[in-house]
Amino acid sequence: QGQLVESGGGLVQPGGSLRLSCAASGFALDYYAIGWFRQAPGKERDGVSCISGNSASLYYADSVKGRFTISRDNAKNTVYLQMNSLKPEDSGIYYCAAVLGAASVGSVQDMCVRSSGLDYWGKGTLVTVSS
């Protein structure tokens, strides 16, 4: 039984940084696209950033472009989200999810935009950006 576990969330001041990790167990991430999704209180879950298995295809939501960086280390079976210049509106529960395949730019974007039909979801890590 595969699972994803997020870590790295916490309380940070505006302008600060956090690095989230998504560790997989029970399956190898190599052929899975991974996405980070965010859900703020009272709002729907939105795709933040997604990456293909070979890291060749990336997608960022407009709201995080230039501030967030997604990366992966398949040898460690882990995907990261480096978040810089954090804003209060970045607060929420951050989830990672995996889907087999999704290698093209279009399919990675679709993964982030639709966030449906994914194979695995983590339970989330809370990020709070506040002074």
# chains A, B, ... in the order shown; residues from 1 in each chain; ligands from 1
>>> residues_around(residues="A:Asp110", least_positions_apart="4", cutoff="12 Å", atoms="only C-alpha atoms", output="list in words")
Ala33, Ile34, Gly35, Asp46, Gly47, Val48, Ser49, Cys50, Ile51, Ser52, Ser57, Leu58, Tyr59, Tyr60, Ala61, Val99, Ala102, Ala103, Ser104, Val105, Gly106, Arg114, Ser115, Ser116, Gly117 and Leu118 of chain A
>>> closest_atom_pairs(of="stretch 22-71 of chain A", to="stretch 3-12 of chain A", cutoff="8 Å", atoms="only C-alpha atoms", output="CSV")
residue,atom,partner,partner_atom,distance
A:Cys22,CA,A:Glu6,CA,4.4
A:Ala23,CA,A:Val5,CA,5.3
A:Ala24,CA,A:Leu4,CA,4.6
A:Ser25,CA,A:Gln3,CA,5.5
A:Gly26,CA,A:Gln3,CA,6.5
A:Phe27,CA,A:Gln3,CA,7.9
>>> closest_residue(among="A:Val79, A:Cys96, A:Leu18, A:Val108", to="A:Ala56", atoms="only C-alpha atoms")
A:Val108
>>> select_by_dssp(residues="chain A", states="alpha helix (DSSP H)", output="ChimeraX atom specification")
/A:105-114
>>> write_last_selection(atoms="C-alpha atoms", output="CSV table (one decimal), in the first residue's frame")
chain,number,residue,atom,x,y,z
A,105,VAL,CA,3.8,19.8,-20.1
A,106,GLY,CA,0.1,19.6,-20.9
A,107,SER,CA,-0.6,16.6,-18.7
A,108,VAL,CA,1.3,18.1,-15.8
A,109,GLN,CA,-0.7,21.3,-16.1
A,110,ASP,CA,-3.8,19.3,-16.3
A,111,MET,CA,-2.9,17.5,-13.1
A,112,CYS,CA,-2.5,20.8,-11.3
A,113,VAL,CA,-5.6,22.5,-12.7
A,114,ARG,CA,-8.0,19.5,-12.4
>>> atom_distance(atom1="atom CA of A:Lys43", atom2="atom CA of A:Leu86")
18.7 Å
>>> select_by_dssp(residues="chain A", states="strand (DSSP E)", output="ChimeraX atom specification")
/A:3-7,10-12,18-25,32-39,45-51,58-60,68-73,78-83,92-100,120-121,125-129
>>> residues_around(residues="A:Phe68", least_positions_apart="4", cutoff="7 Å", atoms="only C-alpha atoms", output="list in words")
Val64, Leu81, Gln82, Met83 and Asn84 of chain A
>>> write_last_selection(atoms="N, CA, C and O atoms", output="mmCIF file, in the first residue's frame")
data_model
loop_
_atom_site.group_PDB
_atom_site.id
_atom_site.type_symbol
_atom_site.label_atom_id
_atom_site.label_comp_id
_atom_site.auth_asym_id
_atom_site.auth_seq_id
_atom_site.Cartn_x
_atom_site.Cartn_y
_atom_site.Cartn_z
ATOM 1 N N VAL A 64 2.139 31.856 -7.613
ATOM 2 C CA VAL A 64 3.389 31.467 -6.947
ATOM 3 C C VAL A 64 4.603 31.534 -7.864
ATOM 4 O O VAL A 64 5.734 31.291 -7.422
ATOM 5 N N LEU A 81 9.002 21.349 -2.200
ATOM 6 C CA LEU A 81 8.462 22.632 -2.631
ATOM 7 C C LEU A 81 9.138 23.704 -1.798
ATOM 8 O O LEU A 81 8.870 23.837 -0.598
ATOM 9 N N GLN A 82 10.038 24.443 -2.440
ATOM 10 C CA GLN A 82 10.711 25.563 -1.783
ATOM 11 C C GLN A 82 9.832 26.794 -1.946
ATOM 12 O O GLN A 82 9.530 27.191 -3.075
ATOM 13 N N MET A 83 9.445 27.383 -0.843
ATOM 14 C CA MET A 83 8.538 28.527 -0.864
ATOM 15 C C MET A 83 9.259 29.740 -0.277
ATOM 16 O O MET A 83 9.626 29.728 0.898
ATOM 17 N N ASN A 84 9.461 30.743 -1.098
ATOM 18 C CA ASN A 84 10.127 31.970 -0.674
ATOM 19 C C ASN A 84 9.161 33.146 -0.760
ATOM 20 O O ASN A 84 8.118 33.061 -1.407
#
>>> residues_around(residues="A:Ala75", least_positions_apart="6", cutoff="12 Å", atoms="only C-alpha atoms", output="ChimeraX atom specification")
/A:23-24,28-30,53-54
>>> atom_distance(atom1="atom CA of A:Ser131", atom2="atom CA of A:Ala40")
17.4 Å
>>> atom_distance(atom1="atom CA of A:Thr78", atom2="atom CA of A:Pro14")
26.5 Å
>>> closest_atom_pairs(of="stretch 11-105 of chain A", to="stretch 120-126 of chain A", cutoff="6 Å", atoms="only C-alpha atoms", output="Markdown table")
| residue | atom | partner | partner_atom | distance |
| --- | --- | --- | --- | --- |
| A:Gly92 | CA | A:Leu126 | CA | 5.9 |
| A:Ile93 | CA | A:Leu126 | CA | 4.4 |
| A:Tyr94 | CA | A:Gly124 | CA | 5.2 |
| A:Tyr95 | CA | A:Gly124 | CA | 4.3 |
| A:Cys96 | CA | A:Gly122 | CA | 5.6 |
| A:Ala97 | CA | A:Trp121 | CA | 4.4 |
| A:Ala98 | CA | A:Tyr120 | CA | 5.1 |
>>> write_last_selection(atoms="C-alpha atoms", output="tab-separated table (two decimals), in the first residue's frame")
chain	number	residue	atom	x	y	z
A	92	GLY	CA	-3.41	26.75	4.09
A	93	ILE	CA	-3.03	23.03	4.19
A	94	TYR	CA	-0.57	21.81	1.57
A	95	TYR	CA	-1.12	18.38	0.12
A	96	CYS	CA	1.01	16.39	-2.26
A	97	ALA	CA	-0.44	13.92	-4.73
A	98	ALA	CA	0.89	11.49	-7.30
>>> closest_residue(among="A:Ser91, A:Ser85, A:Ser21, A:Gln13", to="A:Arg72", atoms="only C-alpha atoms")
A:Ser21
